[in-house]
$ cat structure-v8.json   # JSON, N, CA and C atoms
[["chain", "number", "residue", "atom", "x", "y", "z"],
["A", 1, "MET", "N", 162.50, -92.18, 67.37],
["A", 1, "MET", "CA", 163.26, -91.63, 66.26],
["A", 1, "MET", "C", 163.15, -90.10, 66.33],
["A", 2, "GLU", "N", 164.26, -89.44, 66.19],
["A", 2, "GLU", "CA", 164.29, -87.98, 66.24],
["A", 2, "GLU", "C", 163.81, -87.38, 64.92],
["A", 3, "GLU", "N", 163.26, -86.20, 64.99],
["A", 3, "GLU", "CA", 162.73, -85.53, 63.80],
["A", 3, "GLU", "C", 163.80, -85.35, 62.72],
["A", 4, "ASN", "N", 165.02, -85.01, 63.10],
["A", 4, "ASN", "CA", 166.09, -84.83, 62.12],
["A", 4, "ASN", "C", 166.40, -86.14, 61.39],
["A", 5, "ASP", "N", 166.33, -87.26, 62.11],
["A", 5, "ASP", "CA", 166.56, -88.57, 61.49],
["A", 5, "ASP", "C", 165.45, -88.91, 60.51],
["A", 6, "VAL", "N", 164.22, -88.54, 60.87],
["A", 6, "VAL", "CA", 163.08, -88.78, 59.98],
["A", 6, "VAL", "C", 163.25, -87.99, 58.69],
["A", 7, "VAL", "N", 163.62, -86.73, 58.81],
["A", 7, "VAL", "CA", 163.81, -85.89, 57.64],
["A", 7, "VAL", "C", 164.92, -86.45, 56.76],
["A", 8, "LYS", "N", 166.01, -86.89, 57.37],
["A", 8, "LYS", "CA", 167.13, -87.46, 56.61],
["A", 8, "LYS", "C", 166.69, -88.72, 55.86],
["A", 9, "ALA", "N", 165.93, -89.59, 56.53],
["A", 9, "ALA", "CA", 165.46, -90.83, 55.91],
["A", 9, "ALA", "C", 164.50, -90.53, 54.77],
["A", 10, "LEU", "N", 163.57, -89.64, 54.99],
["A", 10, "LEU", "CA", 162.60, -89.30, 53.94],
["A", 10, "LEU", "C", 163.28, -88.64, 52.76],
["A", 11, "ALA", "N", 164.27, -87.80, 53.03],
["A", 11, "ALA", "CA", 165.01, -87.15, 51.94],
["A", 11, "ALA", "C", 165.76, -88.19, 51.12],
["A", 12, "ALA", "N", 166.32, -89.20, 51.79],
["A", 12, "ALA", "CA", 167.04, -90.25, 51.06],
["A", 12, "ALA", "C", 166.09, -91.04, 50.17],
["A", 13, "LEU", "N", 164.88, -91.27, 50.64],
["A", 13, "LEU", "CA", 163.90, -92.05, 49.87],
["A", 13, "LEU", "C", 163.17, -91.21, 48.82],
["A", 14, "ALA", "N", 163.35, -89.91, 48.86],
["A", 14, "ALA", "CA", 162.64, -89.02, 47.95],
["A", 14, "ALA", "C", 163.34, -88.89, 46.61],
["A", 15, "GLN", "N", 163.98, -89.93, 46.19],
["A", 15, "GLN", "CA", 164.67, -89.99, 44.91],
["A", 15, "GLN", "C", 164.34, -91.35, 44.30],
["A", 16, "PRO", "N", 163.85, -91.40, 43.08],
["A", 16, "PRO", "CA", 163.36, -92.67, 42.51],
["A", 16, "PRO", "C", 164.34, -93.83, 42.55],
["A", 17, "ILE", "N", 165.59, -93.61, 42.23],
["A", 17, "ILE", "CA", 166.55, -94.72, 42.21],
["A", 17, "ILE", "C", 166.80, -95.22, 43.63],
["A", 18, "ARG", "N", 166.97, -94.31, 44.58],
["A", 18, "ARG", "CA", 167.19, -94.74, 45.96],
["A", 18, "ARG", "C", 165.98, -95.49, 46.50],
["A", 19, "LEU", "N", 164.80, -95.06, 46.13],
["A", 19, "LEU", "CA", 163.59, -95.78, 46.55],
["A", 19, "LEU", "C", 163.57, -97.19, 45.95],
["A", 20, "GLN", "N", 163.96, -97.31, 44.70],
["A", 20, "GLN", "CA", 164.02, -98.64, 44.05],
["A", 20, "GLN", "C", 165.05, -99.53, 44.74],
["A", 21, "VAL", "N", 166.20, -98.97, 45.07],
["A", 21, "VAL", "CA", 167.26, -99.73, 45.74],
["A", 21, "VAL", "C", 166.76, -100.20, 47.10],
["A", 22, "PHE", "N", 166.17, -99.31, 47.87],
["A", 22, "PHE", "CA", 165.68, -99.67, 49.19],
["A", 22, "PHE", "C", 164.62, -100.75, 49.10],
["A", 23, "ARG", "N", 163.68, -100.59, 48.19],
["A", 23, "ARG", "CA", 162.61, -101.58, 48.04],
["A", 23, "ARG", "C", 163.17, -102.94, 47.61],
["A", 24, "ALA", "N", 164.18, -102.93, 46.74],
["A", 24, "ALA", "CA", 164.81, -104.19, 46.32],
["A", 24, "ALA", "C", 165.45, -104.89, 47.51],
["A", 25, "LEU", "N", 166.08, -104.12, 48.40],
["A", 25, "LEU", "CA", 166.69, -104.72, 49.58],
["A", 25, "LEU", "C", 165.65, -105.21, 50.57],
["A", 26, "VAL", "N", 164.54, -104.52, 50.66],
["A", 26, "VAL", "CA", 163.45, -104.99, 51.53],
["A", 26, "VAL", "C", 162.92, -106.32, 51.01],
["A", 27, "VAL", "N", 162.77, -106.44, 49.70],
["A", 27, "VAL", "CA", 162.23, -107.66, 49.10],
["A", 27, "VAL", "C", 163.13, -108.86, 49.38],
["A", 28, "VAL", "N", 164.45, -108.69, 49.25],
["A", 28, "VAL", "CA", 165.35, -109.84, 49.45],
["A", 28, "VAL", "C", 165.57, -110.16, 50.92],
["A", 29, "GLY", "N", 165.19, -109.25, 51.80],
["A", 29, "GLY", "CA", 165.27, -109.52, 53.23],
["A", 29, "GLY", "C", 166.67, -109.63, 53.77],
["A", 30, "SER", "N", 166.84, -110.52, 54.72],
["A", 30, "SER", "CA", 168.11, -110.61, 55.45],
["A", 30, "SER", "C", 169.27, -111.14, 54.63],
["A", 31, "GLN", "N", 169.01, -111.76, 53.50],
["A", 31, "GLN", "CA", 170.13, -112.25, 52.67],
["A", 31, "GLN", "C", 170.89, -111.08, 52.05],
["A", 32, "GLY", "N", 170.23, -109.95, 51.80],
["A", 32, "GLY", "CA", 170.89, -108.79, 51.24],
["A", 32, "GLY", "C", 171.36, -109.01, 49.81],
["A", 33, "MET", "N", 172.07, -108.03, 49.29],
["A", 33, "MET", "CA", 172.59, -108.11, 47.92],
["A", 33, "MET", "C", 173.92, -107.38, 47.83],
["A", 34, "THR", "N", 174.74, -107.84, 46.91],
["A", 34, "THR", "CA", 175.98, -107.13, 46.61],
["A", 34, "THR", "C", 175.65, -105.98, 45.66],
["A", 35, "PRO", "N", 176.49, -104.96, 45.62],
["A", 35, "PRO", "CA", 176.26, -103.87, 44.68],
["A", 35, "PRO", "C", 176.18, -104.34, 43.22],
["A", 36, "THR", "N", 177.00, -105.31, 42.85],
["A", 36, "THR", "CA", 176.98, -105.82, 41.48],
["A", 36, "THR", "C", 175.62, -106.45, 41.15],
["A", 37, "THR", "N", 175.10, -107.25, 42.07],
["A", 37, "THR", "CA", 173.80, -107.87, 41.87],
["A", 37, "THR", "C", 172.71, -106.82, 41.76],
["A", 38, "MET", "N", 172.77, -105.80, 42.63],
["A", 38, "MET", "CA", 171.77, -104.72, 42.58],
["A", 38, "MET", "C", 171.85, -103.96, 41.26],
["A", 39, "ALA", "N", 173.06, -103.64, 40.84],
["A", 39, "ALA", "CA", 173.24, -102.89, 39.60],
["A", 39, "ALA", "C", 172.65, -103.65, 38.42],
["A", 40, "GLU", "N", 172.89, -104.95, 38.39],
["A", 40, "GLU", "CA", 172.34, -105.77, 37.31],
["A", 40, "GLU", "C", 170.82, -105.84, 37.40],
["A", 41, "ALA", "N", 170.29, -106.06, 38.61],
["A", 41, "ALA", "CA", 168.85, -106.19, 38.79],
["A", 41, "ALA", "C", 168.11, -104.89, 38.46],
["A", 42, "LEU", "N", 168.74, -103.76, 38.78],
["A", 42, "LEU", "CA", 168.10, -102.46, 38.55],
["A", 42, "LEU", "C", 168.53, -101.81, 37.25],
["A", 43, "ASP", "N", 169.39, -102.51, 36.51],
["A", 43, "ASP", "CA", 169.86, -102.03, 35.21],
["A", 43, "ASP", "C", 170.44, -100.62, 35.29],
["A", 44, "MET", "N", 171.46, -100.48, 36.15],
["A", 44, "MET", "CA", 172.12, -99.19, 36.30],
["A", 44, "MET", "C", 173.62, -99.38, 36.45],
["A", 45, "PRO", "N", 174.38, -98.37, 36.10],
["A", 45, "PRO", "CA", 175.84, -98.47, 36.25],
["A", 45, "PRO", "C", 176.23, -98.57, 37.73],
["A", 46, "LEU", "N", 177.22, -99.36, 38.01],
["A", 46, "LEU", "CA", 177.69, -99.55, 39.38],
["A", 46, "LEU", "C", 178.16, -98.23, 39.99],
["A", 47, "SER", "N", 178.76, -97.36, 39.18],
["A", 47, "SER", "CA", 179.23, -96.08, 39.70],
["A", 47, "SER", "C", 178.07, -95.20, 40.18],
["A", 48, "SER", "N", 176.96, -95.23, 39.48],
["A", 48, "SER", "CA", 175.78, -94.48, 39.92],
["A", 48, "SER", "C", 175.18, -95.09, 41.17],
["A", 49, "LEU", "N", 175.15, -96.40, 41.21],
["A", 49, "LEU", "CA", 174.56, -97.10, 42.35],
["A", 49, "LEU", "C", 175.32, -96.79, 43.63],
["A", 50, "SER", "N", 176.63, -96.72, 43.56],
["A", 50, "SER", "CA", 177.43, -96.49, 44.77],
["A", 50, "SER", "C", 177.07, -95.16, 45.42],
["A", 51, "PHE", "N", 176.79, -94.14, 44.64],
["A", 51, "PHE", "CA", 176.36, -92.84, 45.18],
["A", 51, "PHE", "C", 175.06, -93.00, 45.96],
["A", 52, "HIS", "N", 174.11, -93.73, 45.40],
["A", 52, "HIS", "CA", 172.81, -93.91, 46.05],
["A", 52, "HIS", "C", 172.92, -94.79, 47.29],
["A", 53, "LEU", "N", 173.79, -95.80, 47.25],
["A", 53, "LEU", "CA", 174.01, -96.64, 48.43],
["A", 53, "LEU", "C", 174.58, -95.82, 49.57],
["A", 54, "LYS", "N", 175.48, -94.90, 49.26],
["A", 54, "LYS", "CA", 176.07, -94.04, 50.28],
["A", 54, "LYS", "C", 175.00, -93.18, 50.95],
["A", 55, "GLU", "N", 174.09, -92.63, 50.17],
["A", 55, "GLU", "CA", 173.03, -91.78, 50.72],
["A", 55, "GLU", "C", 172.09, -92.58, 51.62],
["A", 56, "LEU", "N", 171.72, -93.78, 51.18],
["A", 56, "LEU", "CA", 170.84, -94.62, 51.99],
["A", 56, "LEU", "C", 171.53, -95.10, 53.26],
["A", 57, "THR", "N", 172.83, -95.36, 53.16],
["A", 57, "THR", "CA", 173.60, -95.76, 54.34],
["A", 57, "THR", "C", 173.69, -94.61, 55.33],
["A", 58, "ASN", "N", 173.97, -93.41, 54.84],
["A", 58, "ASN", "CA", 174.06, -92.23, 55.71],
["A", 58, "ASN", "C", 172.74, -91.94, 56.41],
["A", 59, "ALA", "N", 171.63, -92.29, 55.78],
["A", 59, "ALA", "CA", 170.32, -92.09, 56.39],
["A", 59, "ALA", "C", 169.97, -93.23, 57.35],
["A", 60, "GLY", "N", 170.80, -94.26, 57.40],
["A", 60, "GLY", "CA", 170.57, -95.37, 58.30],
["A", 60, "GLY", "C", 169.54, -96.37, 57.80],
["A", 61, "LEU", "N", 169.14, -96.25, 56.54],
["A", 61, "LEU", "CA", 168.11, -97.14, 56.00],
["A", 61, "LEU", "C", 168.66, -98.47, 55.51],
["A", 62, "ILE", "N", 169.94, -98.50, 55.19],
["A", 62, "ILE", "CA", 170.59, -99.74, 54.78],
["A", 62, "ILE", "C", 171.94, -99.83, 55.50],
["A", 63, "ALA", "N", 172.48, -101.03, 55.56],
["A", 63, "ALA", "CA", 173.77, -101.22, 56.21],
["A", 63, "ALA", "C", 174.60, -102.22, 55.41],
["A", 64, "PRO", "N", 175.86, -101.87, 55.17],
["A", 64, "PRO", "CA", 176.75, -102.82, 54.49],
["A", 64, "PRO", "C", 177.43, -103.74, 55.49],
["A", 65, "GLU", "N", 177.74, -104.92, 55.04],
["A", 65, "GLU", "CA", 178.50, -105.87, 55.85],
["A", 65, "GLU", "C", 179.52, -106.53, 54.94],
["A", 66, "ARG", "N", 180.75, -106.56, 55.39],
["A", 66, "ARG", "CA", 181.81, -107.18, 54.61],
["A", 66, "ARG", "C", 181.70, -108.69, 54.73],
["A", 67, "ALA", "N", 181.71, -109.35, 53.58],
["A", 67, "ALA", "CA", 181.71, -110.82, 53.52],
["A", 67, "ALA", "C", 182.83, -111.20, 52.56],
["A", 68, "SER", "N", 183.96, -111.54, 53.11],
["A", 68, "SER", "CA", 185.14, -111.84, 52.32],
["A", 68, "SER", "C", 185.53, -110.59, 51.54],
["A", 69, "ARG", "N", 185.53, -110.67, 50.22],
["A", 69, "ARG", "CA", 185.90, -109.51, 49.39],
["A", 69, "ARG", "C", 184.70, -108.69, 48.97],
["A", 70, "ASN", "N", 183.51, -109.10, 49.36],
["A", 70, "ASN", "CA", 182.30, -108.41, 48.93],
["A", 70, "ASN", "C", 181.66, -107.62, 50.05],
["A", 71, "LEU", "N", 180.87, -106.63, 49.66],
["A", 71, "LEU", "CA", 179.99, -105.94, 50.59],
["A", 71, "LEU", "C", 178.59, -106.45, 50.32],
["A", 72, "ILE", "N", 177.88, -106.79, 51.38],
["A", 72, "ILE", "CA", 176.49, -107.19, 51.28],
["A", 72, "ILE", "C", 175.68, -106.08, 51.93],
["A", 73, "TYR", "N", 174.75, -105.52, 51.19],
["A", 73, "TYR", "CA", 173.88, -104.48, 51.72],
["A", 73, "TYR", "C", 172.56, -105.10, 52.11],
["A", 74, "ARG", "N", 172.05, -104.66, 53.27],
["A", 74, "ARG", "CA", 170.76, -105.12, 53.76],
["A", 74, "ARG", "C", 169.94, -103.92, 54.21],
["A", 75, "ALA", "N", 168.64, -104.03, 54.05],
["A", 75, "ALA", "CA", 167.75, -102.99, 54.57],
["A", 75, "ALA", "C", 167.78, -103.04, 56.09],
["A", 76, "SER", "N", 167.72, -101.88, 56.70],
["A", 76, "SER", "CA", 167.64, -101.80, 58.16],
["A", 76, "SER", "C", 166.16, -101.79, 58.54],
["A", 77, "PHE", "N", 165.63, -102.98, 58.82],
["A", 77, "PHE", "CA", 164.21, -103.09, 59.12],
["A", 77, "PHE", "C", 163.83, -102.36, 60.40],
["A", 78, "ALA", "N", 164.72, -102.35, 61.37],
["A", 78, "ALA", "CA", 164.44, -101.64, 62.62],
["A", 78, "ALA", "C", 164.27, -100.15, 62.34],
["A", 79, "ARG", "N", 165.14, -99.60, 61.50],
["A", 79, "ARG", "CA", 165.05, -98.18, 61.16],
["A", 79, "ARG", "C", 163.79, -97.91, 60.35],
["A", 80, "MET", "N", 163.47, -98.80, 59.41],
["A", 80, "MET", "CA", 162.26, -98.65, 58.60],
["A", 80, "MET", "C", 161.02, -98.67, 59.50],
["A", 81, "ASN", "N", 160.98, -99.61, 60.43],
["A", 81, "ASN", "CA", 159.84, -99.68, 61.34],
["A", 81, "ASN", "C", 159.75, -98.46, 62.23],
["A", 82, "ALA", "N", 160.89, -97.94, 62.68],
["A", 82, "ALA", "CA", 160.88, -96.72, 63.50],
["A", 82, "ALA", "C", 160.36, -95.54, 62.69],
["A", 83, "LEU", "N", 160.73, -95.47, 61.42],
["A", 83, "LEU", "CA", 160.24, -94.39, 60.56],
["A", 83, "LEU", "C", 158.73, -94.50, 60.38],
["A", 84, "LEU", "N", 158.25, -95.71, 60.10],
["A", 84, "LEU", "CA", 156.80, -95.91, 59.95],
["A", 84, "LEU", "C", 156.06, -95.58, 61.24],
["A", 85, "GLN", "N", 156.64, -95.99, 62.35],
["A", 85, "GLN", "CA", 156.01, -95.70, 63.65],
["A", 85, "GLN", "C", 155.94, -94.19, 63.88],
["A", 86, "TYR", "N", 157.01, -93.48, 63.58],
["A", 86, "TYR", "CA", 157.03, -92.03, 63.75],
["A", 86, "TYR", "C", 155.95, -91.37, 62.89],
["A", 87, "LEU", "N", 155.83, -91.85, 61.65],
["A", 87, "LEU", "CA", 154.85, -91.26, 60.73],
["A", 87, "LEU", "C", 153.41, -91.55, 61.12],
["A", 88, "THR", "N", 153.19, -92.67, 61.81],
["A", 88, "THR", "CA", 151.82, -93.04, 62.15],
["A", 88, "THR", "C", 151.47, -92.81, 63.62],
["A", 89, "ASP", "N", 152.42, -92.36, 64.43],
["A", 89, "ASP", "CA", 152.10, -92.02, 65.82],
["A", 89, "ASP", "C", 150.97, -91.00, 65.84],
["A", 90, "ASN", "N", 150.08, -91.19, 66.75],
["A", 90, "ASN", "CA", 148.95, -90.28, 66.95],
["A", 90, "ASN", "C", 148.00, -90.24, 65.76],
["A", 91, "CYS", "N", 148.07, -91.26, 64.92],
["A", 91, "CYS", "CA", 147.17, -91.34, 63.77],
["A", 91, "CYS", "C", 145.73, -91.43, 64.25],
["A", 92, "CYS", "N", 144.86, -90.70, 63.66],
["A", 92, "CYS", "CA", 143.42, -90.75, 63.96],
["A", 92, "CYS", "C", 143.15, -90.56, 65.44],
["A", 93, "GLN", "N", 143.95, -89.76, 66.09],
["A", 93, "GLN", "CA", 143.82, -89.45, 67.51],
["A", 93, "GLN", "C", 143.74, -90.70, 68.38],
["A", 94, "GLY", "N", 144.51, -91.73, 67.98],
["A", 94, "GLY", "CA", 144.58, -92.95, 68.76],
["A", 94, "GLY", "C", 143.47, -93.95, 68.49],
["A", 95, "GLU", "N", 142.54, -93.63, 67.63],
["A", 95, "GLU", "CA", 141.44, -94.54, 67.30],
["A", 95, "GLU", "C", 141.86, -95.49, 66.18],
["A", 96, "ASP", "N", 141.18, -96.65, 66.09],
["A", 96, "ASP", "CA", 141.41, -97.55, 64.96],
["A", 96, "ASP", "C", 141.02, -96.83, 63.67],
["A", 97, "CYS", "N", 141.82, -97.04, 62.65],
["A", 97, "CYS", "CA", 141.53, -96.41, 61.36],
["A", 97, "CYS", "C", 142.13, -97.24, 60.24],
["A", 98, "ALA", "N", 141.97, -96.79, 59.02],
["A", 98, "ALA", "CA", 142.46, -97.53, 57.85],
["A", 98, "ALA", "C", 143.97, -97.67, 57.85],
["A", 99, "VAL", "N", 144.67, -96.79, 58.52],
["A", 99, "VAL", "CA", 146.13, -96.83, 58.54],
["A", 99, "VAL", "C", 146.63, -97.73, 59.66],
["A", 100, "GLY", "N", 145.74, -98.33, 60.40],
["A", 100, "GLY", "CA", 146.12, -99.15, 61.54],
["A", 100, "GLY", "C", 147.13, -100.23, 61.24],
["A", 101, "THR", "N", 147.09, -100.79, 60.04],
["A", 101, "THR", "CA", 148.04, -101.84, 59.68],
["A", 101, "THR", "C", 149.44, -101.28, 59.53],
["A", 102, "ALA", "N", 149.58, -100.01, 59.22],
["A", 102, "ALA", "CA", 150.92, -99.41, 59.07],
["A", 102, "ALA", "C", 151.62, -99.31, 60.42],
["A", 103, "LYS", "N", 150.87, -99.37, 61.53],
["A", 103, "LYS", "CA", 151.49, -99.26, 62.84],
["A", 103, "LYS", "C", 152.18, -100.55, 63.27],
["A", 104, "THR", "N", 151.91, -101.64, 62.60],
["A", 104, "THR", "CA", 152.54, -102.89, 62.98],
["A", 104, "THR", "C", 153.94, -102.97, 62.40],
["A", 105, "SER", "N", 154.76, -103.76, 63.04],
["A", 105, "SER", "CA", 156.13, -103.92, 62.57],
["A", 105, "SER", "C", 156.18, -104.89, 61.41],
["A", 106, "CYS", "N", 157.27, -104.81, 60.68],
["A", 106, "CYS", "CA", 157.49, -105.72, 59.55],
["A", 106, "CYS", "C", 157.53, -107.15, 60.07],
["A", 107, "SER", "N", 156.76, -108.02, 59.49],
["A", 107, "SER", "CA", 156.66, -109.40, 59.97],
["A", 107, "SER", "C", 157.90, -110.24, 59.64],
["A", 108, "THR", "N", 158.74, -109.77, 58.73],
["A", 108, "THR", "CA", 159.93, -110.54, 58.36],
["A", 108, "THR", "C", 161.16, -110.10, 59.14],
["A", 109, "CYS", "N", 160.97, -109.18, 60.07],
["A", 109, "CYS", "CA", 162.13, -108.62, 60.77],
["A", 109, "CYS", "C", 162.39, -109.31, 62.08]]
$ encode --input "structure-v8.json" --output "structure tokens"
Amino acid sequence: MEENDVVKALAALAQPIRLQVFRALVVVGSQGMTPTTMAEALDMPLSSLSFHLKELTNAGLIAPERASRNLIYRASFARMNALLQYLTDNCCQGEDCAVGTAKTSCSTC
């Protein structure tokens, strides 16, 4: 993962609502959610949510997929794992440490 991509992803997550949206998509896994379902679950207006979905999509952290008349958004686990790997590369100068579990990939991906 390139440094510019890391900065873009971290900037997208550095906003409370976008972090909540991303975490909600991580929790539901590969089934994803429609914007309407997310808006209801997070108790926010759909118009506000669409702005945050656009930012997370531009950062590559989530991806929409058309299913009939609906969009289904899913977390990009590969991108999330690449971000975590970038952040933990060279941790503790290569020695085992408390952050060692963060170096593993998401088990549901």
$ closest_residue --input "structure-v8.json" --among "A:Val6, A:Val26, A:Val21, A:Ala14" --to "Leu53 of chain A" --atoms "all atoms listed in the file"
A:Val21
$ atom_distance --input "structure-v8.json" --atom1 "atom CA of Thr34 of chain A" --atom2 "atom N of Pro16 of chain A"
20.2 Å
$ atom_distance --input "structure-v8.json" --atom1 "atom CA of Met1 of chain A" --atom2 "atom C of Ser76 of chain A"
13.1 Å
$ closest_residue --input "structure-v8.json" --among "A:Gln85, A:Asn90, A:Leu13, A:Leu46" --to "Ala59 of chain A" --atoms "only N, CA and C atoms"
A:Leu13
$ closest_residue --input "structure-v8.json" --among "A:Ser30, A:Pro35, A:Leu83, A:Ala63" --to "Ser50 of chain A" --atoms "only N, CA and C atoms"
A:Pro35
$ atom_distance --input "structure-v8.json" --atom1 "atom CA of Gln20 of chain A" --atom2 "atom N of Glu3 of chain A"
24.4 Å
$ decode --input "structure-v8.json" --residues "segment 46-55 of chain A" --atoms "all heavy atoms" --output "short mmCIF file (atom, residue, chain, number, x, y, z; two decimals), in the first residue's frame"
data_model
loop_
_atom_site.label_atom_id
_atom_site.label_comp_id
_atom_site.auth_asym_id
_atom_site.auth_seq_id
_atom_site.Cartn_x
_atom_site.Cartn_y
_atom_site.Cartn_z
N LEU A 46 -30.48 9.77 5.31
CA LEU A 46 -29.88 9.14 4.14
C LEU A 46 -29.01 10.13 3.35
O LEU A 46 -27.96 9.75 2.83
CB LEU A 46 -30.99 8.57 3.25
CG LEU A 46 -30.60 7.56 2.20
CD1 LEU A 46 -29.81 6.40 2.78
CD2 LEU A 46 -31.84 7.04 1.50
N SER A 47 -29.42 11.39 3.31
CA SER A 47 -28.64 12.39 2.57
C SER A 47 -27.27 12.60 3.20
O SER A 47 -26.27 12.77 2.50
CB SER A 47 -29.39 13.71 2.49
OG SER A 47 -29.68 14.19 3.79
N SER A 48 -27.19 12.57 4.52
CA SER A 48 -25.89 12.70 5.20
C SER A 48 -25.05 11.45 4.97
O SER A 48 -23.84 11.53 4.76
CB SER A 48 -26.07 12.89 6.71
OG SER A 48 -26.77 14.07 6.97
N LEU A 49 -25.69 10.31 5.03
CA LEU A 49 -24.98 9.05 4.87
C LEU A 49 -24.32 8.96 3.50
O LEU A 49 -23.19 8.50 3.38
CB LEU A 49 -25.92 7.87 5.08
CG LEU A 49 -25.31 6.49 4.89
CD1 LEU A 49 -24.20 6.23 5.90
CD2 LEU A 49 -26.38 5.43 4.98
N SER A 50 -25.01 9.41 2.47
CA SER A 50 -24.46 9.29 1.11
C SER A 50 -23.14 10.04 0.97
O SER A 50 -22.23 9.57 0.28
CB SER A 50 -25.47 9.76 0.06
OG SER A 50 -25.74 11.12 0.20
N PHE A 51 -23.00 11.18 1.62
CA PHE A 51 -21.74 11.92 1.61
C PHE A 51 -20.63 11.08 2.22
O PHE A 51 -19.53 10.98 1.67
CB PHE A 51 -21.90 13.24 2.37
CG PHE A 51 -20.60 13.93 2.63
CD1 PHE A 51 -19.96 14.64 1.62
CD2 PHE A 51 -20.00 13.87 3.88
CE1 PHE A 51 -18.75 15.27 1.86
CE2 PHE A 51 -18.79 14.50 4.12
CZ PHE A 51 -18.16 15.20 3.10
N HIS A 52 -20.90 10.44 3.35
CA HIS A 52 -19.89 9.64 4.04
C HIS A 52 -19.55 8.37 3.26
O HIS A 52 -18.39 7.96 3.21
CB HIS A 52 -20.36 9.32 5.45
CG HIS A 52 -20.51 10.54 6.29
ND1 HIS A 52 -19.44 11.34 6.63
CD2 HIS A 52 -21.60 11.11 6.84
CE1 HIS A 52 -19.87 12.36 7.36
NE2 HIS A 52 -21.18 12.24 7.50
N LEU A 53 -20.55 7.77 2.61
CA LEU A 53 -20.30 6.60 1.78
C LEU A 53 -19.37 6.95 0.62
O LEU A 53 -18.48 6.17 0.26
CB LEU A 53 -21.61 6.01 1.26
CG LEU A 53 -22.51 5.36 2.30
CD1 LEU A 53 -23.86 5.00 1.68
CD2 LEU A 53 -21.85 4.13 2.90
N LYS A 54 -19.57 8.12 0.04
CA LYS A 54 -18.72 8.57 -1.07
C LYS A 54 -17.27 8.71 -0.62
O LYS A 54 -16.35 8.26 -1.31
CB LYS A 54 -19.23 9.90 -1.62
CG LYS A 54 -18.41 10.43 -2.79
CD LYS A 54 -18.91 11.78 -3.25
CE LYS A 54 -18.61 12.81 -2.23
NZ LYS A 54 -17.73 13.87 -2.48
N GLU A 55 -17.06 9.27 0.56
CA GLU A 55 -15.70 9.45 1.07
C GLU A 55 -15.02 8.11 1.34
O GLU A 55 -13.84 7.92 1.03
CB GLU A 55 -15.72 10.30 2.34
CG GLU A 55 -16.12 11.74 2.12
CD GLU A 55 -15.16 12.49 1.21
OE1 GLU A 55 -13.93 12.38 1.40
OE2 GLU A 55 -15.65 13.17 0.28
#
